[in-house]
$ cat query.cif   # mmCIF, C-alpha atoms
data_target
loop_
_atom_site.label_atom_id
_atom_site.label_comp_id
_atom_site.auth_asym_id
_atom_site.auth_seq_id
_atom_site.Cartn_x
_atom_site.Cartn_y
_atom_site.Cartn_z
CA MET A 110 -56.10 26.78 20.61
CA ARG A 111 -53.32 28.45 18.72
CA SER A 112 -54.87 31.80 18.08
CA ALA A 113 -56.39 34.42 20.32
CA LEU A 114 -58.49 35.63 17.38
CA GLN A 115 -60.29 32.30 17.12
CA LEU A 116 -60.85 32.17 20.86
CA VAL A 117 -62.35 35.66 20.99
CA THR A 118 -64.55 35.10 17.91
CA LEU A 119 -65.89 31.82 19.27
CA THR A 120 -66.75 33.46 22.58
CA LEU A 121 -68.48 36.34 20.79
CA VAL A 122 -70.50 33.87 18.70
CA ALA A 123 -71.57 32.00 21.84
CA GLY A 124 -72.62 35.29 23.43
CA GLY A 125 -74.41 36.34 20.25
CA GLY A 126 -76.43 33.12 20.17
CA LEU A 127 -77.49 33.65 23.77
CA GLY A 128 -78.45 37.22 22.90
CA VAL A 129 -80.62 36.10 20.00
CA VAL A 130 -82.54 33.68 22.20
CA LEU A 131 -82.95 36.07 25.12
CA THR A 132 -84.38 38.87 22.96
CA ARG A 133 -88.05 38.00 23.11
CA ASP A 134 -89.47 40.79 20.97
CA PRO A 135 -89.20 39.75 17.28
CA LEU A 136 -88.68 43.31 16.11
CA ARG A 137 -85.56 43.74 18.23
CA GLN A 138 -84.54 40.18 17.50
CA ALA A 139 -84.22 41.05 13.79
CA VAL A 140 -81.37 43.45 14.55
CA VAL A 141 -79.69 41.01 16.93
CA VAL A 142 -79.94 38.25 14.31
CA SER A 143 -78.27 40.51 11.75
CA PHE A 144 -75.42 41.11 14.19
CA PHE A 145 -75.19 37.37 14.94
CA GLY A 146 -74.96 36.68 11.20
CA MET A 147 -72.03 39.08 10.90
CA LEU A 148 -70.28 37.44 13.86
CA LEU A 149 -70.76 34.00 12.30
CA GLY A 150 -69.39 35.32 9.01
CA ILE A 151 -66.27 36.56 10.76
CA LEU A 152 -65.91 33.21 12.55
CA PHE A 153 -66.15 31.28 9.28
CA PHE A 154 -63.59 33.60 7.75
CA VAL A 155 -61.20 33.01 10.64
CA PHE A 156 -61.71 29.26 10.10
CA GLN A 157 -60.40 29.67 6.52
CA ALA A 158 -63.81 29.18 4.89
CA PRO A 159 -64.43 32.23 2.64
CA ASP A 160 -67.25 30.61 0.64
CA VAL A 161 -69.28 29.80 3.72
CA ALA A 162 -68.52 33.23 5.24
CA LEU A 163 -69.83 34.94 2.09
CA SER A 164 -72.97 32.81 2.20
CA GLU A 165 -73.59 33.49 5.87
CA ILE A 166 -73.06 37.23 5.62
CA VAL A 167 -75.41 37.56 2.70
CA THR A 168 -78.22 35.43 4.11
CA GLY A 169 -77.83 35.81 7.87
CA ALA A 170 -77.19 39.53 7.94
CA VAL A 171 -79.47 40.60 5.09
CA ALA A 172 -82.06 38.05 4.06
CA ALA A 173 -83.01 36.67 7.49
CA PRO A 174 -83.76 40.03 9.23
CA LEU A 175 -85.59 41.10 6.09
CA MET A 176 -87.90 38.11 6.27
CA ILE A 177 -88.48 38.59 9.99
CA LEU A 178 -89.52 42.19 9.38
CA LEU A 179 -91.76 41.23 6.46
CA ALA A 180 -93.47 38.51 8.48
CA LEU A 181 -94.02 40.98 11.33
CA ALA A 182 -95.42 43.56 8.92
CA LYS A 183 -97.89 41.07 7.52
CA VAL A 184 -98.94 39.95 10.97
CA ARG A 185 -99.43 43.46 12.32
CA GLY A 186 -101.03 44.70 9.09
CA GLY A 187 -103.97 42.38 9.62
CA ALA A 188 -104.28 42.99 13.33
CA GLU A 189 -105.03 46.70 13.22
CA MET F 92 -98.76 21.00 30.72
CA SER F 93 -97.49 24.04 32.56
CA ALA F 94 -94.46 25.98 31.50
CA ARG F 95 -92.49 24.88 34.56
CA ALA F 96 -93.13 21.20 33.89
CA ARG F 97 -92.09 21.67 30.28
CA LEU F 98 -88.88 23.38 31.36
CA VAL F 99 -88.02 20.61 33.83
CA MET F 100 -88.59 17.99 31.14
CA PHE F 101 -86.45 19.95 28.73
CA LEU F 102 -83.61 20.21 31.24
CA ALA F 103 -83.69 16.48 31.87
CA ALA F 104 -83.67 15.72 28.15
CA ALA F 105 -80.94 18.28 27.48
CA LEU F 106 -78.80 16.74 30.18
CA SER F 107 -79.00 13.29 28.63
CA LEU F 108 -78.39 14.74 25.14
CA GLY F 109 -75.40 16.63 26.54
CA VAL F 110 -73.90 13.43 27.92
CA LEU F 111 -74.28 11.77 24.51
CA VAL F 112 -72.74 14.78 22.74
CA LEU F 113 -69.73 14.83 25.04
CA TRP F 114 -69.26 11.12 24.59
CA ALA F 115 -69.33 11.63 20.81
CA TYR F 116 -66.79 14.42 21.09
CA GLY F 117 -64.38 11.99 22.68
CA GLY F 118 -64.14 10.19 19.35
CA LEU F 119 -63.33 13.24 17.25
CA PRO F 120 -59.75 14.12 16.33
CA ASP F 121 -58.40 17.19 18.10
CA PHE F 122 -59.37 20.56 16.70
CA GLY F 123 -56.86 21.56 14.04
CA HIS F 124 -55.60 18.07 13.28
CA TYR F 125 -57.86 17.11 10.42
CA ARG F 126 -57.17 13.53 9.48
CA GLY F 127 -59.63 12.47 6.80
CA PRO F 128 -58.37 11.47 3.37
CA TYR F 129 -61.05 12.95 1.12
CA GLY F 130 -60.21 16.59 1.73
CA ASP F 131 -56.55 16.12 0.90
CA VAL F 132 -57.34 14.05 -2.18
CA LEU F 133 -59.74 16.68 -3.51
CA ASN F 134 -57.33 19.52 -2.82
CA ALA F 135 -54.58 17.77 -4.74
CA VAL F 136 -56.68 16.56 -7.63
CA SER F 137 -59.15 19.35 -8.35
CA VAL F 138 -56.86 21.72 -10.26
CA PRO F 139 -55.09 19.16 -12.50
CA GLU F 140 -58.22 17.13 -13.23
CA ARG F 141 -60.91 19.76 -13.73
CA ASN F 142 -59.09 23.12 -14.00
CA ILE F 143 -61.13 24.54 -11.12
CA THR F 144 -59.19 26.61 -8.57
CA ASP F 145 -62.01 26.95 -6.04
CA VAL F 146 -62.19 23.42 -4.65
CA VAL F 147 -65.40 24.08 -2.68
CA THR F 148 -67.24 24.92 -5.93
CA ALA F 149 -65.70 21.83 -7.54
CA VAL F 150 -67.10 19.68 -4.73
CA ASN F 151 -70.49 21.39 -4.90
CA PHE F 152 -71.10 21.34 -8.62
CA ASP F 153 -68.85 18.67 -10.03
CA TYR F 154 -67.81 15.92 -7.66
CA ARG F 155 -70.92 16.16 -5.54
CA GLY F 156 -73.23 17.87 -8.05
CA PHE F 157 -76.11 15.47 -7.58
CA ASP F 158 -76.55 16.43 -3.92
CA THR F 159 -76.55 20.11 -4.83
CA LEU F 160 -79.32 19.38 -7.32
CA GLY F 161 -81.36 17.97 -4.44
CA GLU F 162 -80.66 20.99 -2.24
CA GLU F 163 -81.60 23.36 -5.02
CA PHE F 164 -84.95 21.61 -5.29
CA ILE F 165 -85.48 22.02 -1.55
CA LEU F 166 -85.06 25.74 -2.14
CA PHE F 167 -87.46 25.60 -5.09
CA ALA F 168 -90.09 23.74 -3.06
CA ALA F 169 -89.79 26.16 -0.14
CA VAL F 170 -90.30 29.15 -2.46
CA ILE F 171 -93.35 27.49 -4.00
CA GLY F 172 -94.68 26.83 -0.51
CA VAL F 173 -94.33 30.50 0.42
CA ALA F 174 -96.05 31.54 -2.80
CA ILE F 175 -98.99 29.16 -2.27
CA LEU F 176 -99.50 30.08 1.37
CA LEU F 177 -99.37 33.82 0.87
CA ARG F 178 -101.35 33.98 -2.35
CA ALA F 179 -104.30 32.12 -0.88
CA GLN F 180 -104.36 34.62 1.95
CA ARG F 181 -104.04 37.59 -0.38
CA ASP F 182 -106.96 36.61 -2.59
CA GLU F 183 -109.26 36.38 0.40
CA GLU F 184 -108.35 39.76 1.79
CA GLN F 185 -108.26 41.66 -1.47
CA ARG F 186 -111.84 42.70 -1.06
CA GLU F 187 -111.35 44.22 2.38
CA ALA F 188 -108.20 46.17 1.59
CA SER F 189 -109.91 49.02 -0.24
CA GLU F 190 -112.14 49.75 2.74
CA PHE F 191 -109.42 50.98 5.05
CA ALA F 192 -107.15 52.50 2.41
CA PHE F 193 -108.52 56.02 2.69
CA GLY F 194 -107.19 58.25 5.42
CA ARG F 195 -103.88 56.40 5.46
CA SER F 196 -100.81 58.02 3.97
CA ALA F 197 -97.41 56.38 3.89
CA PRO F 198 -94.49 58.59 4.98
CA ARG F 199 -92.17 59.61 2.18
CA THR F 200 -88.80 57.91 2.15
CA SER F 201 -86.09 60.30 3.32
CA ASP F 202 -83.78 61.64 0.64
CA ALA F 203 -80.66 60.22 2.25
CA VAL F 204 -82.08 56.69 2.09
CA ARG F 205 -83.17 57.18 -1.50
CA VAL F 206 -79.77 58.43 -2.63
CA VAL F 207 -77.79 55.72 -0.91
CA ALA F 208 -80.11 52.89 -1.93
CA LEU F 209 -80.43 53.92 -5.57
CA SER F 210 -76.72 54.56 -5.99
CA LEU F 211 -75.86 51.18 -4.49
CA ALA F 212 -78.40 49.19 -6.49
CA GLY F 213 -76.37 49.18 -9.73
CA PRO F 214 -73.03 48.17 -8.16
CA THR F 215 -74.83 45.45 -6.21
CA VAL F 216 -76.10 43.90 -9.44
CA VAL F 217 -72.59 43.99 -10.90
CA THR F 218 -71.13 42.49 -7.73
CA GLY F 219 -73.72 39.72 -7.77
CA LEU F 220 -73.01 38.87 -11.40
CA TYR F 221 -69.27 38.90 -10.69
CA ILE F 222 -69.67 36.51 -7.78
CA VAL F 223 -71.84 34.15 -9.86
CA ALA F 224 -69.54 34.19 -12.87
CA HIS F 225 -66.27 33.68 -10.95
CA GLY F 226 -67.57 30.87 -8.80
CA HIS F 227 -65.10 28.33 -10.06
CA LEU F 228 -62.08 30.64 -9.73
CA THR F 229 -62.48 32.50 -6.43
CA PRO F 230 -64.81 32.07 -3.45
CA GLY F 231 -68.35 32.58 -4.61
CA GLY F 232 -70.75 30.78 -6.86
CA GLY F 233 -74.40 30.55 -7.73
CA PHE F 234 -75.82 30.48 -4.20
CA GLN F 235 -74.03 33.53 -2.83
CA GLY F 236 -74.30 35.57 -6.02
CA GLY F 237 -77.99 34.82 -6.38
CA VAL F 238 -78.78 36.22 -2.93
CA VAL F 239 -76.69 39.34 -3.68
CA LEU F 240 -78.69 39.87 -6.89
CA ALA F 241 -81.95 39.62 -4.95
CA THR F 242 -80.57 42.17 -2.48
CA ALA F 243 -80.18 44.67 -5.32
CA LEU F 244 -83.93 44.58 -5.96
CA LEU F 245 -84.52 44.93 -2.24
CA LEU F 246 -82.49 48.17 -2.31
CA VAL F 247 -84.81 49.47 -5.01
CA TYR F 248 -87.79 48.72 -2.79
CA LEU F 249 -86.13 50.45 0.20
CA ALA F 250 -85.71 53.58 -1.88
CA GLY F 251 -89.46 53.76 -2.13
CA GLU F 252 -89.71 52.83 -5.80
CA TYR F 253 -92.14 49.98 -5.31
CA SER F 254 -93.90 50.63 -8.62
CA PHE F 255 -90.58 50.21 -10.41
CA LEU F 256 -90.04 46.96 -8.56
CA ARG F 257 -93.43 45.71 -9.76
CA ARG F 258 -92.59 46.67 -13.36
CA ALA F 259 -89.03 45.38 -13.37
CA ALA F 260 -89.87 42.08 -11.72
CA PRO F 261 -93.44 41.09 -12.63
CA LEU F 262 -94.44 37.88 -10.95
CA SER F 263 -94.79 35.90 -14.19
CA LEU F 264 -91.26 36.79 -15.32
CA VAL F 265 -89.77 35.95 -11.92
CA GLU F 266 -91.53 32.59 -11.87
CA VAL F 267 -90.31 31.77 -15.37
CA CYS F 268 -86.73 32.69 -14.41
CA GLU F 269 -86.87 30.52 -11.34
CA ALA F 270 -88.20 27.57 -13.32
CA ILE F 271 -85.51 28.01 -15.97
CA GLY F 272 -82.83 28.11 -13.31
CA GLY F 273 -84.11 25.08 -11.48
CA GLY F 274 -84.75 23.02 -14.59
CA GLY F 275 -81.53 24.22 -16.21
CA PHE F 276 -79.44 22.52 -13.59
CA ALA F 277 -81.15 19.19 -14.21
CA VAL F 278 -80.93 19.62 -18.00
CA ILE F 279 -77.22 20.45 -17.93
CA GLY F 280 -76.72 17.14 -16.17
CA LEU F 281 -78.35 15.48 -19.19
CA ALA F 282 -75.43 16.70 -21.31
CA GLY F 283 -73.37 14.10 -19.54
CA LEU F 284 -75.78 11.34 -20.57
CA ILE F 285 -75.86 12.57 -24.17
CA ALA F 286 -72.06 12.47 -24.37
CA GLY F 287 -72.04 8.89 -23.25
CA ALA F 288 -70.77 9.41 -19.69
CA ALA F 289 -72.58 9.40 -16.33
CA TYR F 290 -75.34 11.90 -15.51
CA MET F 291 -73.88 15.30 -14.58
CA GLU F 292 -70.35 14.31 -15.44
CA ASN F 293 -68.20 17.23 -16.57
CA VAL F 294 -68.10 16.66 -20.34
CA LEU F 295 -67.64 20.12 -21.85
CA PRO F 296 -64.11 21.28 -22.82
CA LEU F 297 -62.15 22.22 -19.74
CA GLY F 298 -60.21 25.23 -21.03
CA GLN F 299 -57.25 26.73 -19.17
CA VAL F 300 -56.85 27.10 -15.43
CA GLY F 301 -57.78 30.60 -14.29
CA GLN F 302 -59.76 31.59 -17.36
CA LEU F 303 -63.38 32.58 -17.01
CA ASN F 304 -64.70 29.99 -19.46
CA SER F 305 -62.85 27.02 -18.09
CA ALA F 306 -64.04 24.04 -16.07
CA GLY F 307 -66.63 22.66 -18.45
CA THR F 308 -70.18 22.55 -17.16
CA VAL F 309 -69.46 24.28 -13.82
CA PRO F 310 -69.88 27.94 -14.97
CA LEU F 311 -73.15 26.99 -16.69
CA ILE F 312 -74.43 25.30 -13.57
CA ASN F 313 -73.35 28.35 -11.54
CA LEU F 314 -75.40 30.60 -13.82
CA ALA F 315 -78.46 28.36 -13.55
CA VAL F 316 -78.23 28.19 -9.76
CA GLY F 317 -77.61 31.95 -9.49
CA LEU F 318 -80.70 32.65 -11.60
CA GLU F 319 -82.80 30.28 -9.53
CA VAL F 320 -81.70 31.57 -6.14
CA ALA F 321 -82.11 35.23 -7.19
CA ALA F 322 -85.55 34.62 -8.66
CA GLY F 323 -86.55 32.59 -5.60
CA PHE F 324 -85.63 35.29 -3.12
CA VAL F 325 -87.26 38.01 -5.25
CA LEU F 326 -90.43 35.91 -5.36
CA ILE F 327 -90.41 35.54 -1.57
CA LEU F 328 -89.84 39.28 -1.20
CA VAL F 329 -92.63 40.23 -3.59
CA GLU F 330 -95.09 37.74 -2.06
CA PHE F 331 -94.53 39.11 1.42
CA LEU F 332 -94.73 42.70 0.22
CA GLU F 333 -97.77 42.37 -2.01
CA GLN F 334 -100.38 42.76 0.65
CA THR F 335 -98.50 45.09 2.94
CA LEU F 336 -97.97 47.51 0.07
CA MET F 337 -101.32 47.23 -1.64
CA VAL F 338 -102.79 49.64 0.88
CA ARG F 339 -100.00 52.11 0.18
CA LEU F 340 -100.64 51.99 -3.56
CA LYS F 341 -104.29 52.87 -3.14
CA GLU F 342 -103.66 56.08 -1.18
CA PRO F 343 -105.09 59.25 -2.76
CA THR F 344 -102.16 61.19 -4.25
CA MET C 46 -58.67 24.00 25.11
CA SER C 47 -58.59 22.08 21.86
CA LEU C 48 -62.27 21.16 22.38
CA TYR C 49 -63.42 24.79 22.61
CA PRO C 50 -65.05 25.12 19.14
CA PHE C 51 -66.99 21.90 19.73
CA ILE C 52 -68.13 23.17 23.13
CA VAL C 53 -69.34 26.40 21.49
CA ALA C 54 -71.25 24.35 18.90
CA ALA C 55 -72.92 22.32 21.66
CA TRP C 56 -73.66 25.52 23.60
CA LEU C 57 -75.39 27.07 20.57
CA LEU C 58 -77.41 23.87 20.11
CA PHE C 59 -78.69 23.85 23.69
CA VAL C 60 -79.29 27.59 23.84
CA GLY C 61 -81.31 27.40 20.63
CA LEU C 62 -83.32 24.44 21.92
CA TYR C 63 -84.00 26.27 25.17
CA GLY C 64 -85.27 29.23 23.14
CA ILE C 65 -87.57 26.96 21.13
CA VAL C 66 -88.97 25.26 24.22
CA THR C 67 -89.65 28.43 26.21
CA SER C 68 -90.78 30.66 23.36
CA ARG C 69 -94.00 32.67 23.56
CA ASN C 70 -93.96 33.95 20.00
CA LEU C 71 -93.85 31.87 16.82
CA ILE C 72 -91.54 34.28 15.03
CA HIS C 73 -89.07 34.26 17.94
CA LEU C 74 -89.23 30.45 17.81
CA ILE C 75 -88.28 30.30 14.13
CA VAL C 76 -85.31 32.58 14.72
CA CYS C 77 -84.12 30.33 17.56
CA MET C 78 -84.18 27.50 15.05
CA GLN C 79 -81.68 29.49 13.01
CA VAL C 80 -79.37 29.49 16.05
CA VAL C 81 -79.59 25.69 16.17
CA GLN C 82 -78.70 25.56 12.46
CA ALA C 83 -75.72 27.84 13.14
CA SER C 84 -74.43 25.34 15.69
CA THR C 85 -74.25 22.67 12.99
CA TYR C 86 -72.25 24.98 10.71
CA VAL C 87 -69.74 25.72 13.49
CA LEU C 88 -69.40 22.01 14.24
CA LEU C 89 -68.85 21.08 10.59
CA LEU C 90 -66.24 23.74 9.99
CA SER C 91 -64.41 22.92 13.22
CA ILE C 92 -64.09 19.30 12.14
CA GLY C 93 -62.52 20.28 8.84
CA TYR C 94 -60.08 22.83 10.21
CA ARG C 95 -56.33 22.34 10.12
CA HIS C 96 -53.82 24.52 11.95
CA ASP C 97 -51.65 26.87 9.83
CA ALA C 98 -53.49 25.93 6.64
CA VAL C 99 -55.00 28.12 3.95
CA ALA C 100 -58.47 28.22 2.46
CA PRO C 101 -59.07 25.59 -0.26
CA VAL C 102 -58.83 28.10 -3.10
CA PHE C 103 -55.77 27.66 -5.27
CA ALA C 104 -56.03 30.72 -7.48
CA GLU C 105 -52.84 32.26 -6.15
CA VAL C 106 -51.21 29.65 -3.92
CA PRO C 107 -49.49 26.59 -5.42
CA VAL C 108 -51.44 23.37 -5.37
CA GLY C 109 -49.47 21.48 -2.74
CA THR C 110 -50.03 23.96 0.14
CA PRO C 111 -51.80 22.38 3.12
CA ALA C 112 -55.41 23.50 3.07
CA VAL C 113 -58.51 22.91 5.17
CA ASP C 114 -61.15 20.41 4.19
CA PRO C 115 -63.37 21.56 1.29
CA VAL C 116 -66.05 18.89 1.68
CA VAL C 117 -67.48 20.22 4.97
CA GLN C 118 -67.42 23.74 3.53
CA ALA C 119 -69.44 22.58 0.56
CA LEU C 120 -71.97 21.01 2.94
CA ALA C 121 -72.26 24.15 5.07
CA LEU C 122 -72.45 26.53 2.11
CA THR C 123 -75.60 25.22 0.45
CA ASP C 124 -77.12 24.59 3.86
CA VAL C 125 -76.91 28.28 4.81
CA VAL C 126 -78.90 29.48 1.81
CA VAL C 127 -81.41 26.63 1.85
CA GLY C 128 -81.92 27.12 5.61
CA ALA C 129 -82.82 30.76 5.08
CA THR C 130 -85.39 29.80 2.44
CA VAL C 131 -86.97 27.14 4.63
CA SER C 132 -87.21 29.76 7.39
CA ALA C 133 -89.13 31.93 4.92
CA LEU C 134 -91.57 29.06 4.44
CA LEU C 135 -91.98 28.76 8.21
CA PHE C 136 -92.63 32.50 8.48
CA ALA C 137 -95.34 32.19 5.85
CA MET C 138 -96.91 29.38 7.88
CA ALA C 139 -96.72 31.50 11.04
CA VAL C 140 -98.50 34.32 9.19
CA GLN C 141 -101.25 31.88 8.19
CA VAL C 142 -101.57 30.61 11.76
CA HIS C 143 -101.96 34.17 13.01
CA LYS C 144 -104.63 34.82 10.44
CA ARG C 145 -106.68 31.85 11.59
CA SER C 146 -106.29 32.11 15.35
CA HIS C 147 -105.24 35.76 15.85
CA THR C 148 -102.40 34.79 18.15
CA LEU C 149 -98.72 33.96 17.74
CA ASP C 150 -98.33 32.37 21.16
CA PRO C 151 -97.66 28.62 20.92
CA ALA C 152 -99.13 28.02 24.39
CA ARG C 153 -102.44 29.64 23.45
CA LEU C 154 -102.61 27.89 20.10
CA VAL C 155 -103.27 24.56 21.79
CA GLU C 156 -106.35 25.94 23.54
CA LEU C 157 -107.91 27.41 20.42
CA ARG C 158 -108.24 24.12 18.56
CA GLY C 159 -111.52 23.42 16.77
#

$ encode --input "query.cif" --output "structure tokens"
Amino acid sequence: MRSALQLVTLTLVAGGGLGVVLTRDPLRQAVVVSFFGMLLGILFFVFQAPDVALSEIVTGAVAAPLMILLALAKVRGGAE
Amino acid sequence: MSARARLVMFLAAALSLGVLVLWAYGGLPDFGHYRGPYGDVLNAVSVPERNITDVVTAVNFDYRGFDTLGEEFILFAAVIGVAILLRAQRDEEQREASEFAFGRSAPRTSDAVRVVALSLAGPTVVTGLYIVAHGHLTPGGGFQGGVVLATALLLVYLAGEYSFLRRAAPLSLVEVCEAIGGGGFAVIGLAGLIAGAAYMENVLPLGQVGQLNSAGTVPLINLAVGLEVAAGFVLILVEFLEQTLMVRLKEPT
Amino acid sequence: MSLYPFIVAAWLLFVGLYGIVTSRNLIHLIVCMQVVQASTYVLLLSIGYRHDAVAPVFAEVPVGTPAVDPVVQALALTDVVVGATVSALLFAMAVQVHKRSHTLDPARLVELRG
């Protein structure tokens, strides 16, 4: 492991994944997933993969939390 | 079975899977010492042969274009699935929505959100088009740029202008765009057959390295994929929002 | 220490699977599936990485510079976007399930059959 940056980013990604799973409420999980997407994007960038980092930031940090919130809104909209 | 029994079974299975994974890791080369020949060959050959400086895009849309066609159709099928599932539900509940629309008022979007969202929507569209168009020169391409373009419409929705979103992206137009993007990729591959080479071979003039209209069919395929991904995500967004927002539209003003 | 990225990929896989197995909410379950998908991206990119190499984009660096593997990046790139869309399909299915059985709990869904 030549670089402390890679070591720290990998550890943060592992912690982020654990955080996503341990957050049981989907509403809070949307925010944690957005953060996890950003961490993954930084990891891919550190691994010299700018295309994949761009993809991950745009979908994981924007599109995925958006769809979680929309699914929750539809579910709760019918339950009231 | 009870939750505890399920957890015990999962731990046992995970343990055996973990042993297999660690055994497989023993056969990998060390991290950082990539050995395989294909990556080096592609890196050396992509610029002289096809005038593409972004080798990942060259792999995606030229050397390995057929697999990307398959993945694009997975995306297309998933978007159609979302549309079918949510439209069937919406038609059933359309009659009940008007009953509980009265007495409900949606809060007005705050001015700070409106200003930021509306001022960022234009630059986001430009950024998305830039990323799509320069896919073969710098990191980017149809997939990333398409999602950025869909995000621009999302910003418009966040600013509270849902009626503008409905007018600017009516469902029929979005569906047509997505079909054109998806079919366009397959049709551009036919150009290879017409020119007498293999399907999806790069047969258009290659131009100069670093120019925007270089690399033959790749910029055209990028545009088709960008259109399809953007239209697909906008369709998903509008399908999810249709019912949630229908109540808001019926509020007495 | 040279196995650390692979260990992190395996960790993400098992953590995601644990989340799927012990989930009490369908939407939480689908998000845990995204964690499992992320583990495959990390594994792919770790396999293609080369020390002291640049990204495989030769717009400003000369062509002979050692670069990381572009093939695994191409695999991961389309997978990220397609994975997000398939998750949207799964969310739509979860919404339909909730409409029919009025619950998002996988454990209770088994009881409400028929």

$ closest_atom_pairs --input "query.cif" --of "chain A" --to "chain C" --cutoff "6 Å" --atoms "all atoms listed in the file" --output "JSON lines"
{"residue": "A:Met110", "atom": "CA", "partner": "C:Ser47", "partner_atom": "CA", "distance": 5.5}
{"residue": "A:Val130", "atom": "CA", "partner": "C:Gly64", "partner_atom": "CA", "distance": 5.3}
{"residue": "A:Pro135", "atom": "CA", "partner": "C:His73", "partner_atom": "CA", "distance": 5.5}
{"residue": "A:Gln157", "atom": "CA", "partner": "C:Ala100", "partner_atom": "CA", "distance": 4.7}
{"residue": "A:Ala158", "atom": "CA", "partner": "C:Ala100", "partner_atom": "CA", "distance": 5.9}
{"residue": "A:Val161", "atom": "CA", "partner": "C:Leu122", "partner_atom": "CA", "distance": 4.8}
{"residue": "A:Val184", "atom": "CA", "partner": "C:Val140", "partner_atom": "CA", "distance": 5.9}

$ residues_near_point --input "query.cif" --point "(-70.7, 44.2, 16.1)" --cutoff "12 Å" --atoms "only C-alpha atoms" --output "MDAnalysis selection string"
chainID A and resid 118 121:122 124:125 140:151 170

$ write_last_selection --input "query.cif" --atoms "C-alpha atoms" --output "PDB file, keeping the file's coordinate frame"
ATOM      1  CA  THR A 118     -64.550  35.100  17.910  1.00  0.00           C
ATOM      2  CA  LEU A 121     -68.480  36.340  20.790  1.00  0.00           C
ATOM      3  CA  VAL A 122     -70.500  33.870  18.700  1.00  0.00           C
ATOM      4  CA  GLY A 124     -72.620  35.290  23.430  1.00  0.00           C
ATOM      5  CA  GLY A 125     -74.410  36.340  20.250  1.00  0.00           C
ATOM      6  CA  VAL A 140     -81.370  43.450  14.550  1.00  0.00           C
ATOM      7  CA  VAL A 141     -79.690  41.010  16.930  1.00  0.00           C
ATOM      8  CA  VAL A 142     -79.940  38.250  14.310  1.00  0.00           C
ATOM      9  CA  SER A 143     -78.270  40.510  11.750  1.00  0.00           C
ATOM     10  CA  PHE A 144     -75.420  41.110  14.190  1.00  0.00           C
ATOM     11  CA  PHE A 145     -75.190  37.370  14.940  1.00  0.00           C
ATOM     12  CA  GLY A 146     -74.960  36.680  11.200  1.00  0.00           C
ATOM     13  CA  MET A 147     -72.030  39.080  10.900  1.00  0.00           C
ATOM     14  CA  LEU A 148     -70.280  37.440  13.860  1.00  0.00           C
ATOM     15  CA  LEU A 149     -70.760  34.000  12.300  1.00  0.00           C
ATOM     16  CA  GLY A 150     -69.390  35.320   9.010  1.00  0.00           C
ATOM     17  CA  ILE A 151     -66.270  36.560  10.760  1.00  0.00           C
ATOM     18  CA  ALA A 170     -77.190  39.530   7.940  1.00  0.00           C
TER      19      ALA A 170
END

$ atom_distance --input "query.cif" --atom1 "atom CA of Ala250 of chain F" --atom2 "atom CA of Gly232 of chain F"
27.7 Å

$ interface_residues --input "query.cif" --of "chain F" --to "chain C" --cutoff "6 Å" --atoms "all atoms listed in the file" --output "ChimeraX atom specification"
/F:122-125,130,144-147,151,166,169,173

$ interface_residues --input "query.cif" --of "chain F" --to "chain A" --cutoff "9 Å" --atoms "only C-alpha atoms" --output "VMD selection string"
chain F and resid 122 to 123 147 to 148 229 to 232 234 to 236 238 to 239 242 324 327 to 328 331 to 332 334 to 335

$ atom_distance --input "query.cif" --atom1 "atom CA of Leu318 of chain F" --atom2 "atom CA of Ala270 of chain F"
9.2 Å

$ closest_residue --input "query.cif" --among "F:Phe157, F:Phe164, F:Phe255, F:Trp114" --to "Gly272 of chain F" --atoms "only C-alpha atoms"
F:Phe164

$ atom_distance --input "query.cif" --atom1 "atom CA of Glu319 of chain F" --atom2 "atom CA of Gly273 of chain F"
5.7 Å

$ axis_aligned_box --input "query.cif" --around "segment 66-76 of chain C" --padding-each-side "6 Å" --output "AutoDock Vina command-line options"
--center_x -89.7 --center_y 29.8 --center_z 20.2 --size_x 20.7 --size_y 21.0 --size_z 24.1

$ resolve_selection --input "query.cif" --expression "the PyMOL selection byres ((chain F and resi 137) around 10)" --output "MDAnalysis selection string"
(chainID F and resid 132:136 138:147 149:150 153:154) or (chainID C and resid 103 108)

$ write_last_selection --input "query.cif" --atoms "C-alpha atoms" --output "JSON list (two decimals), in the coordinates of the input"
[["chain", "number", "residue", "atom", "x", "y", "z"],
["F", 132, "VAL", "CA", -57.34, 14.05, -2.18],
["F", 133, "LEU", "CA", -59.74, 16.68, -3.51],
["F", 134, "ASN", "CA", -57.33, 19.52, -2.82],
["F", 135, "ALA", "CA", -54.58, 17.77, -4.74],
["F", 136, "VAL", "CA", -56.68, 16.56, -7.63],
["F", 138, "VAL", "CA", -56.86, 21.72, -10.26],
["F", 139, "PRO", "CA", -55.09, 19.16, -12.50],
["F", 140, "GLU", "CA", -58.22, 17.13, -13.23],
["F", 141, "ARG", "CA", -60.91, 19.76, -13.73],
["F", 142, "ASN", "CA", -59.09, 23.12, -14.00],
["F", 143, "ILE", "CA", -61.13, 24.54, -11.12],
["F", 144, "THR", "CA", -59.19, 26.61, -8.57],
["F", 145, "ASP", "CA", -62.01, 26.95, -6.04],
["F", 146, "VAL", "CA", -62.19, 23.42, -4.65],
["F", 147, "VAL", "CA", -65.40, 24.08, -2.68],
["F", 149, "ALA", "CA", -65.70, 21.83, -7.54],
["F", 150, "VAL", "CA", -67.10, 19.68, -4.73],
["F", 153, "ASP", "CA", -68.85, 18.67, -10.03],
["F", 154, "TYR", "CA", -67.81, 15.92, -7.66],
["C", 103, "PHE", "CA", -55.77, 27.66, -5.27],
["C", 108, "VAL", "CA", -51.44, 23.37, -5.37]]
